[in-house]
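A.B. asks: File follows, entry03.txt with compact mmCIF, C-alpha atoms and all ligand atoms:
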# COMPACT_ATOMS: atom_id res chain seq x y z
CA MET M 7 -100.30 72.90 -73.81
CA SER M 8 -97.74 70.89 -71.83
CA ALA M 9 -100.40 68.83 -70.07
CA SER M 10 -101.81 67.62 -73.39
CA SER M 11 -98.47 66.74 -74.98
CA PRO M 12 -97.54 63.04 -75.03
CA LEU M 13 -93.99 64.23 -74.32
CA ALA M 14 -94.91 65.99 -71.06
CA GLY M 15 -92.93 64.58 -68.16
CA LYS M 16 -90.53 62.62 -70.37
CA THR M 17 -86.78 62.80 -70.03
CA ILE M 18 -85.08 63.43 -73.35
CA LEU M 19 -81.40 63.01 -74.18
CA LEU M 20 -80.64 65.69 -76.78
CA THR M 21 -77.33 65.66 -78.63
CA GLY M 22 -76.21 68.86 -80.34
CA ALA M 23 -78.26 70.76 -77.78
CA ALA M 24 -76.29 73.99 -78.19
CA GLY M 25 -76.68 74.04 -81.95
CA PHE M 26 -79.17 75.89 -84.12
CA ILE M 27 -81.81 73.16 -84.24
CA GLY M 28 -80.90 71.47 -80.95
CA SER M 29 -81.23 74.62 -78.87
CA GLN M 30 -84.64 75.45 -80.30
CA LEU M 31 -85.70 71.88 -79.76
CA ALA M 32 -84.48 72.10 -76.16
CA ASP M 33 -86.55 75.23 -75.56
CA HIS M 34 -89.62 73.60 -77.09
CA LEU M 35 -89.26 70.33 -75.19
CA LEU M 36 -88.87 72.27 -71.94
CA THR M 37 -92.05 74.19 -72.77
CA LEU M 38 -93.82 70.86 -73.24
CA GLY M 39 -92.79 69.81 -69.73
CA CYS M 40 -89.86 67.55 -70.61
CA THR M 41 -86.61 67.20 -68.74
CA VAL M 42 -83.80 67.76 -71.24
CA ILE M 43 -80.29 66.33 -70.87
CA GLY M 44 -78.16 67.99 -73.51
CA VAL M 45 -74.81 66.93 -74.91
CA ASP M 46 -72.59 69.19 -77.00
CA ASN M 47 -68.91 69.95 -77.47
CA PHE M 48 -69.53 73.55 -78.60
CA SER M 49 -67.61 72.96 -81.83
CA ARG M 50 -70.38 74.90 -83.56
CA GLY M 51 -72.96 75.39 -80.84
CA THR M 52 -72.91 78.39 -78.50
CA GLU M 53 -73.80 79.27 -74.92
CA ALA M 54 -75.96 82.09 -76.32
CA ASN M 55 -78.16 79.49 -78.04
CA ILE M 56 -78.93 77.78 -74.74
CA ALA M 57 -79.20 80.88 -72.53
CA ALA M 58 -82.94 80.39 -72.00
CA ALA M 59 -82.66 76.65 -71.43
CA ARG M 60 -79.87 77.19 -68.88
CA ARG M 61 -82.38 79.09 -66.71
CA ASN M 62 -84.69 76.08 -66.57
CA PRO M 63 -83.99 73.60 -63.75
CA ARG M 64 -85.18 70.78 -66.01
CA PHE M 65 -82.24 71.42 -68.37
CA SER M 66 -78.72 70.09 -67.91
CA LEU M 67 -75.79 69.83 -70.28
CA HIS M 68 -72.81 67.54 -70.63
CA THR M 69 -69.94 69.15 -72.54
CA LEU M 70 -68.37 66.25 -74.34
CA ASP M 71 -67.06 65.12 -77.74
CA LEU M 72 -69.46 62.48 -79.02
CA ALA M 73 -66.92 61.42 -81.66
CA ASP M 74 -64.71 60.18 -78.82
CA GLU M 75 -65.89 56.68 -77.96
CA SER M 76 -64.06 56.53 -74.65
CA ALA M 77 -65.52 59.87 -73.57
CA VAL M 78 -68.99 58.56 -74.41
CA LEU M 79 -68.62 55.14 -72.80
CA ASP M 80 -66.27 55.97 -69.91
CA THR M 81 -67.59 59.40 -68.93
CA LEU M 82 -71.08 60.02 -70.29
CA LEU M 83 -72.45 56.52 -69.83
CA PRO M 84 -71.67 56.32 -66.08
CA ALA M 85 -73.02 59.85 -65.59
CA LEU M 86 -76.34 58.87 -67.15
CA ARG M 87 -76.69 55.34 -65.76
CA SER M 88 -78.88 56.34 -62.83
CA THR M 89 -81.20 58.57 -64.86
CA PRO M 90 -84.12 56.91 -66.63
CA ILE M 91 -84.23 58.39 -70.14
CA ASP M 92 -87.30 57.94 -72.29
CA GLU M 93 -86.05 59.05 -75.69
CA ALA M 94 -83.01 60.39 -77.48
CA TRP M 95 -83.04 63.11 -80.11
CA HIS M 96 -79.77 63.15 -82.05
CA MET M 97 -78.84 66.52 -83.57
CA ALA M 98 -75.06 66.48 -83.10
CA ALA M 99 -73.69 66.40 -86.61
CA ASN M 100 -71.58 68.40 -88.96
CA SER M 101 -73.63 71.27 -90.38
CA ASP M 102 -70.71 72.82 -92.26
CA ILE M 103 -71.33 71.14 -95.60
CA PRO M 104 -68.43 72.86 -97.47
CA ALA M 105 -66.03 71.76 -94.72
CA GLY M 106 -67.19 68.18 -95.16
CA VAL M 107 -66.72 68.40 -98.92
CA ARG M 108 -63.22 69.83 -98.49
CA ASP M 109 -62.25 67.18 -95.96
CA PRO M 110 -64.38 64.00 -95.60
CA ARG M 111 -62.86 63.43 -92.17
CA VAL M 112 -65.09 66.25 -90.89
CA ASP M 113 -68.26 64.31 -91.69
CA HIS M 114 -66.69 61.03 -90.64
CA ARG M 115 -65.91 62.50 -87.25
CA ASN M 116 -68.81 64.81 -86.51
CA THR M 117 -71.62 62.94 -88.27
CA PHE M 118 -70.66 59.26 -88.58
CA LEU M 119 -68.79 58.84 -85.29
CA THR M 120 -71.17 61.02 -83.27
CA THR M 121 -74.07 58.94 -84.55
CA PHE M 122 -72.33 55.60 -84.05
CA ASN M 123 -71.25 56.46 -80.51
CA THR M 124 -74.69 57.84 -79.67
CA LEU M 125 -76.22 54.55 -80.77
CA LEU M 126 -73.71 52.64 -78.61
CA LEU M 127 -74.77 54.83 -75.69
CA LEU M 128 -78.48 54.27 -76.31
CA GLN M 129 -77.90 50.54 -76.52
CA GLN M 130 -76.05 50.55 -73.19
CA LEU M 131 -78.75 52.66 -71.55
CA ASN M 132 -81.61 50.67 -73.10
CA ILE M 133 -83.14 53.82 -74.53
CA PRO M 134 -85.77 52.46 -76.89
CA ALA M 135 -86.40 55.40 -79.20
CA CYS M 136 -84.14 57.65 -81.22
CA CYS M 137 -85.10 60.51 -83.45
CA ALA M 138 -82.41 61.95 -85.70
CA ASN M 139 -82.07 64.81 -88.15
CA PRO M 140 -81.62 63.64 -91.78
CA PRO M 141 -77.85 64.22 -92.29
CA ALA M 142 -77.16 62.75 -88.89
CA ARG M 143 -79.69 60.07 -89.58
CA CYS M 144 -79.75 56.82 -87.73
CA SER M 145 -83.36 56.21 -88.68
CA PRO M 146 -85.98 58.10 -90.70
CA SER M 147 -88.36 58.37 -87.77
CA PRO M 148 -88.55 57.37 -84.11
CA THR M 149 -87.87 53.68 -83.95
CA THR M 150 -86.41 50.92 -81.84
CA VAL M 151 -82.67 50.81 -81.28
CA PRO M 152 -81.33 47.51 -82.62
N1 LIG F 201 -80.13 74.18 -89.94
C1 LIG F 201 -80.85 73.67 -90.94
O1 LIG F 201 -81.62 74.35 -91.63
C2 LIG F 201 -80.77 72.20 -91.25
C3 LIG F 201 -81.66 71.65 -92.16
C4 LIG F 201 -81.61 70.28 -92.41
C5 LIG F 201 -80.68 69.50 -91.79
N2 LIG F 201 -79.80 70.06 -90.93
C6 LIG F 201 -78.83 69.17 -90.29
O2 LIG F 201 -79.19 69.03 -88.94
C7 LIG F 201 -78.00 68.88 -88.15
C8 LIG F 201 -77.96 69.97 -87.10
O3 LIG F 201 -78.08 71.21 -87.77
P1 LIG F 201 -77.86 72.58 -87.01
O4 LIG F 201 -78.22 73.64 -87.98
O5 LIG F 201 -78.53 72.54 -85.69
O6 LIG F 201 -76.28 72.54 -86.86
P2 LIG F 201 -75.40 73.13 -85.69
O7 LIG F 201 -73.99 73.06 -86.14
O8 LIG F 201 -75.92 74.46 -85.27
O9 LIG F 201 -75.66 72.10 -84.51
C9 LIG F 201 -74.96 70.88 -84.40
C10 LIG F 201 -74.49 70.80 -82.96
O10 LIG F 201 -73.78 69.58 -82.79
C11 LIG F 201 -72.61 69.86 -82.02
N3 LIG F 201 -71.61 68.87 -82.37
C12 LIG F 201 -70.99 68.69 -83.56
N4 LIG F 201 -70.07 67.74 -83.47
C13 LIG F 201 -70.09 67.30 -82.17
C14 LIG F 201 -69.33 66.34 -81.47
N5 LIG F 201 -68.32 65.65 -82.06
N6 LIG F 201 -69.63 66.13 -80.16
C15 LIG F 201 -70.61 66.84 -79.55
N7 LIG F 201 -71.34 67.79 -80.18
C16 LIG F 201 -71.07 68.01 -81.47
C17 LIG F 201 -72.19 71.25 -82.44
O11 LIG F 201 -71.36 71.91 -81.47
C18 LIG F 201 -73.53 71.94 -82.60
O12 LIG F 201 -73.95 72.56 -81.41
C19 LIG F 201 -76.82 68.95 -89.14
O13 LIG F 201 -76.51 67.64 -89.54
C20 LIG F 201 -77.41 69.71 -90.30
O14 LIG F 201 -76.74 69.42 -91.49
C21 LIG F 201 -79.82 71.38 -90.63
Could you render the structure from this file as structure tokens?

C.D. replies:
Amino acid sequence: MSASSPLAGKTILLTGAAGFIGSQLADHLLTLGCTVIGVDNFSRGTEANIAAARRNPRFSLHTLDLADESAVLDTLLPALRSTPIDEAWHMAANSDIPAGVRDPRVDHRNTFLTTFNTLLLLQQLNIPACCANPPARCSPSPTTVP
């Protein structure tokens, strides 16, 4: 299966890797033969979600707040500079809809800012393709980063 996948051998940056969708995506991408570089701040994700991925040498994780621009550009960017990354899959977003309705700053921080800062990162790293989940959407399908 992995040999026939167009993703086999690719290095994927996966935000929200410890979340519900991100962790399952990580497991699947690893099964396809990808190297997965995860980013998560564990605000809603868990270590239990990524227990299987943690056992795979092709998985690594940066624990970092993607809403924090300086953390993204001053810490994550230098850490990733020397690693060629083929694609980014952006799943780090607020999934607590009631919390976002109660306080719009929750979505501003964990959906808008995480997405904006992720796009800044991709631009700096010249990562050409980004796939995002609808509420965290930066594009409806894989496309070119402006
Ligand atoms: N689960 C579903 O059925 C479903 C369906 C459609 C859309 N979505 C959307 O997809 C997205 C992901 O959903 P999910 O169910 O995986 O949610 P989730 O909360 O399980 O995963 C999101 C991950 O992003 C991380 N994250 C949040 N803010 C962060 C920040 N500032 N910095 C770094 N990491 C951060 C969280 O810790 C978490 O691990 C959400 O926007 C959700 O609304 C989910």

A.B. asks: Which protein, DNA or RNA residues have an atom at most 12 Å from (-78.8, 81.8, -85.1), counting all atoms listed in the file? List them as a PDB file with C-alpha atoms, in the coordinates of the input.

C.D. replies:
ATOM      1  CA  ALA M  24     -76.290  73.990 -78.190  1.00  0.00           C
ATOM      2  CA  GLY M  25     -76.680  74.040 -81.950  1.00  0.00           C
ATOM      3  CA  PHE M  26     -79.170  75.890 -84.120  1.00  0.00           C
ATOM      4  CA  ILE M  27     -81.810  73.160 -84.240  1.00  0.00           C
ATOM      5  CA  GLY M  28     -80.900  71.470 -80.950  1.00  0.00           C
ATOM      6  CA  SER M  29     -81.230  74.620 -78.870  1.00  0.00           C
ATOM      7  CA  GLN M  30     -84.640  75.450 -80.300  1.00  0.00           C
ATOM      8  CA  ARG M  50     -70.380  74.900 -83.560  1.00  0.00           C
ATOM      9  CA  GLY M  51     -72.960  75.390 -80.840  1.00  0.00           C
ATOM     10  CA  THR M  52     -72.910  78.390 -78.500  1.00  0.00           C
ATOM     11  CA  GLU M  53     -73.800  79.270 -74.920  1.00  0.00           C
ATOM     12  CA  ALA M  54     -75.960  82.090 -76.320  1.00  0.00           C
ATOM     13  CA  ASN M  55     -78.160  79.490 -78.040  1.00  0.00           C
ATOM     14  CA  ILE M  56     -78.930  77.780 -74.740  1.00  0.00           C
TER      15      ILE M  56
END

A.B. asks: Just checking: using only C-alpha atoms and all ligand atoms, which residue out of M:Arg115, M:Arg60, M:Arg108, M:His34 ends up closest to ligand LIG 201 (chain F)?

C.D. replies: M:Arg115

A.B. asks: List all protein, DNA and RNA residues that have an atom no more than 8 Å from any atom of ligand LIG 201 (chain F), counting all atoms listed in the file, and report them as a PyMOL selection string.

C.D. replies: chain M and resi 21-29+45-52+69-74+97-103+115-117+119-120+139-142

A.B. asks: Grab the CA of Ala105 in chain M to CA of Leu31 in chain M distance for me, in Å with one decimal place.

C.D. replies: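 Taking CA of Ala105 in chain M and CA of Leu31 in chain M, their separation equals 24.7 Å.
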
A.B. asks: My list of candidates is M:Gly39, M:Leu127, M:Arg61, M:Ala94. Which is closest to Thr81 in chain M when distances are computed with all atoms listed in the file?

C.D. replies: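 When distances to Thr81 in chain M are compared using all atoms listed in the file, the smallest one comes from M:Leu127.
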
A.B. asks: Quick one, how far is CA of Leu82 in chain M from CA of Thr124 in chain M?

C.D. replies: 10.3 Å

A.B. asks: Find the residue from M:Glu75, M:Leu38, M:Ala138, M:Phe118 that sits nearest to Pro12 in chain M; use all atoms listed in the file when measuring.

C.D. replies: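 Looking at the shortest contact to Pro12 in chain M, the residue is M:Leu38.
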
A.B. asks: Could you work out how far CA of Asp80 in chain M lies from CA of Ala135 in chain M, giving the answer in Å with one decimal?

C.D. replies: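 Going from CA of Ala135 in chain M over to CA of Asp80 in chain M, I get 22.2 Å.
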
A.B. asks: Around the point (-88.0, 59.6, -73.0), in the coordinates given by the file, pick out the residues reaching within 9 Å, counting all atoms listed in the file, and return them as a count of residues only.

C.D. replies: 16

A.B. asks: Which residue is closest to His96 in chain M? Choose from M:Ala59, M:Val42, M:Leu125, M:Ala14 and count all atoms listed in the file.

C.D. replies: M:Leu125

A.B. asks: Report as lines of an AutoDock Vina configuration file the centre and the edge lengths, in Å to one decimal, of the axis-aligned box holding every listed atom of range 112-118 of chain M, padded by 4 Å on each side.

C.D. replies:
center_x = -68.4
center_y = 62.8
center_z = -89.1
size_x = 14.5
size_y = 15.0
size_z = 13.2

A.B. asks: Which is closer to Leu83 in chain M than all the others in M:Leu126, M:Leu20, M:Leu36, M:Cys136, using only C-alpha atoms?

C.D. replies: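 The closest residue to Leu83 in chain M is M:Leu126.
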